[in-house]
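Colleague: Input protein_24.pdb, format and content: PDB, C-alpha atoms.
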ATOM      1  CA  GLN A  62      13.083  11.207 -10.688  1.00  0.00           C
ATOM      2  CA  VAL A  63      10.895   8.572  -9.054  1.00  0.00           C
ATOM      3  CA  GLN A  64       7.386   8.310 -10.462  1.00  0.00           C
ATOM      4  CA  LEU A  65       4.580   6.532  -8.657  1.00  0.00           C
ATOM      5  CA  VAL A  66       1.261   5.811 -10.380  1.00  0.00           C
ATOM      6  CA  GLU A  67      -1.638   4.427  -8.364  1.00  0.00           C
ATOM      7  CA  SER A  68      -4.610   2.533  -9.717  1.00  0.00           C
ATOM      8  CA  GLY A  69      -7.381   0.306  -8.450  1.00  0.00           C
ATOM      9  CA  GLY A  70      -9.512   2.704  -6.468  1.00  0.00           C
ATOM     10  CA  GLY A  71     -13.268   2.934  -6.816  1.00  0.00           C
ATOM     11  CA  LEU A  72     -16.609   2.487  -5.139  1.00  0.00           C
ATOM     12  CA  VAL A  73     -17.155  -0.615  -3.033  1.00  0.00           C
ATOM     13  CA  GLN A  74     -19.825  -1.702  -0.591  1.00  0.00           C
ATOM     14  CA  PRO A  75     -19.047  -2.141   3.101  1.00  0.00           C
ATOM     15  CA  GLY A  76     -17.434  -5.516   3.675  1.00  0.00           C
ATOM     16  CA  GLY A  77     -16.032  -5.585   0.166  1.00  0.00           C
ATOM     17  CA  SER A  78     -12.456  -5.699  -1.090  1.00  0.00           C
ATOM     18  CA  LEU A  79     -10.195  -3.658  -3.339  1.00  0.00           C
ATOM     19  CA  ARG A  80      -6.608  -4.036  -4.451  1.00  0.00           C
ATOM     20  CA  LEU A  81      -4.618  -0.899  -5.079  1.00  0.00           C
ATOM     21  CA  SER A  82      -1.537  -0.948  -7.281  1.00  0.00           C
ATOM     22  CA  CYS A  83       1.395   1.418  -7.397  1.00  0.00           C
ATOM     23  CA  ALA A  84       3.580   1.230 -10.463  1.00  0.00           C
ATOM     24  CA  THR A  85       7.005   2.818 -10.514  1.00  0.00           C
ATOM     25  CA  SER A  86       8.965   3.902 -13.506  1.00  0.00           C
ATOM     26  CA  ARG A  87      12.317   2.880 -12.063  1.00  0.00           C
ATOM     27  CA  ILE A  88      13.603   0.163  -9.803  1.00  0.00           C
ATOM     28  CA  THR A  89      12.486   1.910  -6.630  1.00  0.00           C
ATOM     29  CA  THR A  90      11.103  -1.034  -4.719  1.00  0.00           C
ATOM     30  CA  ASN A  91      14.569  -2.393  -4.030  1.00  0.00           C
ATOM     31  CA  MET A  92      15.911   0.952  -2.923  1.00  0.00           C
ATOM     32  CA  TYR A  93      13.144   2.560  -0.946  1.00  0.00           C
ATOM     33  CA  CYS A  94      10.673   1.924   1.807  1.00  0.00           C
ATOM     34  CA  MET A  95       7.394   1.850  -0.098  1.00  0.00           C
ATOM     35  CA  GLY A  96       4.183   2.794   1.582  1.00  0.00           C
ATOM     36  CA  TRP A  97       0.517   3.623   1.349  1.00  0.00           C
ATOM     37  CA  TYR A  98      -1.012   6.640   3.022  1.00  0.00           C
ATOM     38  CA  ARG A  99      -4.550   7.934   2.986  1.00  0.00           C
ATOM     39  CA  GLN A 100      -6.291  11.234   3.487  1.00  0.00           C
ATOM     40  CA  ALA A 101      -9.968  11.533   4.210  1.00  0.00           C
ATOM     41  CA  ALA A 102     -11.852  14.761   3.612  1.00  0.00           C
ATOM     42  CA  GLY A 103     -11.042  17.285   6.309  1.00  0.00           C
ATOM     43  CA  LYS A 104      -8.436  15.063   7.936  1.00  0.00           C
ATOM     44  CA  GLN A 105      -4.671  14.799   7.932  1.00  0.00           C
ATOM     45  CA  ARG A 106      -2.862  12.291   5.788  1.00  0.00           C
ATOM     46  CA  GLU A 107      -2.035   9.122   7.719  1.00  0.00           C
ATOM     47  CA  MET A 108       0.150   6.107   7.170  1.00  0.00           C
ATOM     48  CA  VAL A 109      -1.658   2.904   6.247  1.00  0.00           C
ATOM     49  CA  ALA A 110       1.156   0.423   5.611  1.00  0.00           C
ATOM     50  CA  GLN A 111       4.849   0.264   4.743  1.00  0.00           C
ATOM     51  CA  ILE A 112       7.153  -2.347   3.256  1.00  0.00           C
ATOM     52  CA  THR A 113      10.909  -1.990   3.426  1.00  0.00           C
ATOM     53  CA  SER A 114      13.448  -3.035   0.837  1.00  0.00           C
ATOM     54  CA  SER A 115      14.106  -6.134   2.965  1.00  0.00           C
ATOM     55  CA  GLY A 116      10.406  -7.011   3.028  1.00  0.00           C
ATOM     56  CA  ARG A 117       9.540  -5.993   6.557  1.00  0.00           C
ATOM     57  CA  THR A 118       6.027  -4.617   6.887  1.00  0.00           C
ATOM     58  CA  ASN A 119       4.425  -2.146   9.233  1.00  0.00           C
ATOM     59  CA  TYR A 120       0.726  -1.373   9.547  1.00  0.00           C
ATOM     60  CA  ALA A 121      -1.416   1.222  11.193  1.00  0.00           C
ATOM     61  CA  ASP A 122      -3.635  -0.282  13.863  1.00  0.00           C
ATOM     62  CA  PHE A 123      -6.771   0.189  11.752  1.00  0.00           C
ATOM     63  CA  ALA A 124      -5.134  -1.719   8.877  1.00  0.00           C
ATOM     64  CA  LYS A 125      -3.936  -4.754  10.804  1.00  0.00           C
ATOM     65  CA  ASP A 126      -5.793  -7.982   9.946  1.00  0.00           C
ATOM     66  CA  ARG A 127      -7.661  -6.270   7.077  1.00  0.00           C
ATOM     67  CA  PHE A 128      -5.020  -4.798   4.749  1.00  0.00           C
ATOM     68  CA  THR A 129      -1.933  -6.422   3.244  1.00  0.00           C
ATOM     69  CA  ILE A 130       0.932  -4.616   1.571  1.00  0.00           C
ATOM     70  CA  SER A 131       3.112  -6.515  -0.868  1.00  0.00           C
ATOM     71  CA  ARG A 132       5.719  -5.843  -3.496  1.00  0.00           C
ATOM     72  CA  ASP A 133       6.633  -7.300  -6.865  1.00  0.00           C
ATOM     73  CA  ASN A 134      10.194  -6.206  -7.539  1.00  0.00           C
ATOM     74  CA  ALA A 135      10.267  -7.677 -11.013  1.00  0.00           C
ATOM     75  CA  GLU A 136       7.248  -5.601 -11.981  1.00  0.00           C
ATOM     76  CA  ASN A 137       8.263  -2.586  -9.888  1.00  0.00           C
ATOM     77  CA  THR A 138       4.814  -2.601  -8.366  1.00  0.00           C
ATOM     78  CA  VAL A 139       3.544  -2.302  -4.817  1.00  0.00           C
ATOM     79  CA  TYR A 140       0.087  -3.524  -3.873  1.00  0.00           C
ATOM     80  CA  LEU A 141      -2.357  -2.851  -1.070  1.00  0.00           C
ATOM     81  CA  GLN A 142      -4.994  -5.534  -0.656  1.00  0.00           C
ATOM     82  CA  MET A 143      -7.887  -4.166   1.374  1.00  0.00           C
ATOM     83  CA  ASN A 144     -10.526  -6.498   2.779  1.00  0.00           C
ATOM     84  CA  SER A 145     -13.545  -5.998   5.031  1.00  0.00           C
ATOM     85  CA  LEU A 146     -13.733  -2.380   3.991  1.00  0.00           C
ATOM     86  CA  LYS A 147     -15.656   0.058   6.160  1.00  0.00           C
ATOM     87  CA  PRO A 148     -17.180   3.451   5.356  1.00  0.00           C
ATOM     88  CA  GLU A 149     -14.450   5.071   7.455  1.00  0.00           C
ATOM     89  CA  ASP A 150     -11.864   3.709   4.999  1.00  0.00           C
ATOM     90  CA  THR A 151     -13.165   6.197   2.457  1.00  0.00           C
ATOM     91  CA  ALA A 152     -10.243   8.411   1.467  1.00  0.00           C
ATOM     92  CA  VAL A 153      -7.748   9.246  -1.231  1.00  0.00           C
ATOM     93  CA  TYR A 154      -4.993   6.661  -1.053  1.00  0.00           C
ATOM     94  CA  TYR A 155      -1.445   7.664  -1.941  1.00  0.00           C
ATOM     95  CA  CYS A 156       1.563   5.548  -2.784  1.00  0.00           C
ATOM     96  CA  SER A 157       4.840   6.758  -1.333  1.00  0.00           C
ATOM     97  CA  ALA A 158       8.568   6.096  -1.401  1.00  0.00           C
ATOM     98  CA  ALA A 159      10.914   6.976   1.445  1.00  0.00           C
ATOM     99  CA  PHE A 160      14.628   6.455   1.923  1.00  0.00           C
ATOM    100  CA  SER A 161      13.905   4.525   5.103  1.00  0.00           C
ATOM    101  CA  SER A 162      10.986   3.516   7.267  1.00  0.00           C
ATOM    102  CA  THR A 163      11.907   6.148   9.822  1.00  0.00           C
ATOM    103  CA  ARG A 164      11.940   9.042   7.410  1.00  0.00           C
ATOM    104  CA  PRO A 165       8.960  10.778   5.811  1.00  0.00           C
ATOM    105  CA  PRO A 166       8.268   9.927   2.180  1.00  0.00           C
ATOM    106  CA  SER A 167      10.261  11.785  -0.443  1.00  0.00           C
ATOM    107  CA  TYR A 168       7.989  10.844  -3.339  1.00  0.00           C
ATOM    108  CA  TRP A 169       4.235  10.645  -3.737  1.00  0.00           C
ATOM    109  CA  GLY A 170       1.812   9.380  -6.308  1.00  0.00           C
ATOM    110  CA  GLN A 171      -1.181  11.392  -7.461  1.00  0.00           C
ATOM    111  CA  GLY A 172      -3.624   9.399  -5.336  1.00  0.00           C
ATOM    112  CA  THR A 173      -6.589   7.171  -6.044  1.00  0.00           C
ATOM    113  CA  GLN A 174     -10.048   7.595  -4.531  1.00  0.00           C
ATOM    114  CA  VAL A 175     -11.537   4.781  -2.481  1.00  0.00           C
ATOM    115  CA  THR A 176     -15.183   5.156  -1.504  1.00  0.00           C
ATOM    116  CA  VAL A 177     -16.885   2.622   0.746  1.00  0.00           C
ATOM    117  CA  SER A 178     -20.618   3.105   0.669  1.00  0.00           C
ATOM    118  CA  SER A 179     -23.833   1.164   0.226  1.00  0.00           C
TER     119      SER A 179
END
Let me see the structure of the file written as structure tokens.
Modeller:
Amino acid sequence: QVQLVESGGGLVQPGGSLRLSCATSRITTNMYCMGWYRQAAGKQREMVAQITSSGRTNYADFAKDRFTISRDNAENTVYLQMNSLKPEDTAVYYCSAAFSSTRPPSYWGQGTQVTVSS
């Protein structure tokens, strides 16, 4: 069973930065397409960024130039560096693992709250 544990969320002012971490209990980063999704209150969950087992990345338009997804295979950890945060980035952020970038995630973390507010 794949386990994903997010951390790093919190309250940040507009324009600030946060780095989210997703720790896995097994060597999933080499086997799966890892990703970050988010869900704001009253909205559907949406993809933020993905990174494949070969290191290719894919970003939602709103995340390009502001967010960076990366992976540390030795530590079995996936990161999401978020810069220039805006109030509309406020959401619960979820780590995910999918068998490929074209398939929906098969595993989810419990989520971490990110609130961007002054």
Colleague: Exactly which residues make up the result of the PyMOL selection byres ((chain A and resi 113) around 7) on this file, given as a PyMOL selection string?
Modeller: chain A and resi 93-95+111-112+114-118+162
Colleague: Between CA of Tyr140 (chain A) and CA of Val177 (chain A), what is the distance in Å, rounded to a tenth?
Modeller: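 CA of Tyr140 (chain A) sits 18.6 Å away from CA of Val177 (chain A).
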Colleague: Expand the PyMOL selection byres ((chain A and resi 121-135) around 9) into the explicit residue set it covers here, and present it as a list in words.
Modeller: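 Checked against the file, the PyMOL selection byres ((chain A and resi 121-135) around 9) matches Ile88, Thr89, Thr90, Asn91, Met95, Gly96, Trp97, Glu107, Met108, Val109, Ala110, Gln111, Ile112, Gly116, Thr118, Asn119, Tyr120, Glu136, Asn137, Thr138, Val139, Tyr140, Leu141, Gln142, Met143, Asn144, Ser145 and Leu146 of chain A.
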Colleague: Could you check how far CA of Ser78 (chain A) sits from CA of Glu149 (chain A), in Å to one decimal?
Modeller: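 It comes out at 13.9 Å.
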Colleague: Quick check, in Å to one decimal: how far apart do CA of Gly71 (chain A) and CA of Tyr155 (chain A) lie?
Modeller: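 About the pair CA of Gly71 (chain A) and CA of Tyr155 (chain A): they are 13.6 Å apart.
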Colleague: Between A:Arg80, A:Leu72, A:Thr85, A:Met92, which one has atoms that come closest to Ser161 (chain A), using only C-alpha atoms?
Modeller: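 Smallest distance to Ser161 (chain A) is found for A:Met92.
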Colleague: What residues come out when you apply the PyMOL selection byres ((chain A and resi 65) around 8) to this file, written as a ChimeraX atom specification?
Modeller: /A:63-64,66-67,83-86,156-157,168-171
Colleague: Restricting the calculation to all atoms listed in the file: of A:Phe160, A:Gly76, A:Thr151, A:Arg106, which residue gets closest to Thr176 (chain A)?
Modeller: A:Thr151
Colleague: Nearest to Gln74 (chain A) among A:Tyr154, A:Gly172, A:Ser178, A:Ser167, with distances taken over only C-alpha atoms: which residue is it?
Modeller: A:Ser178
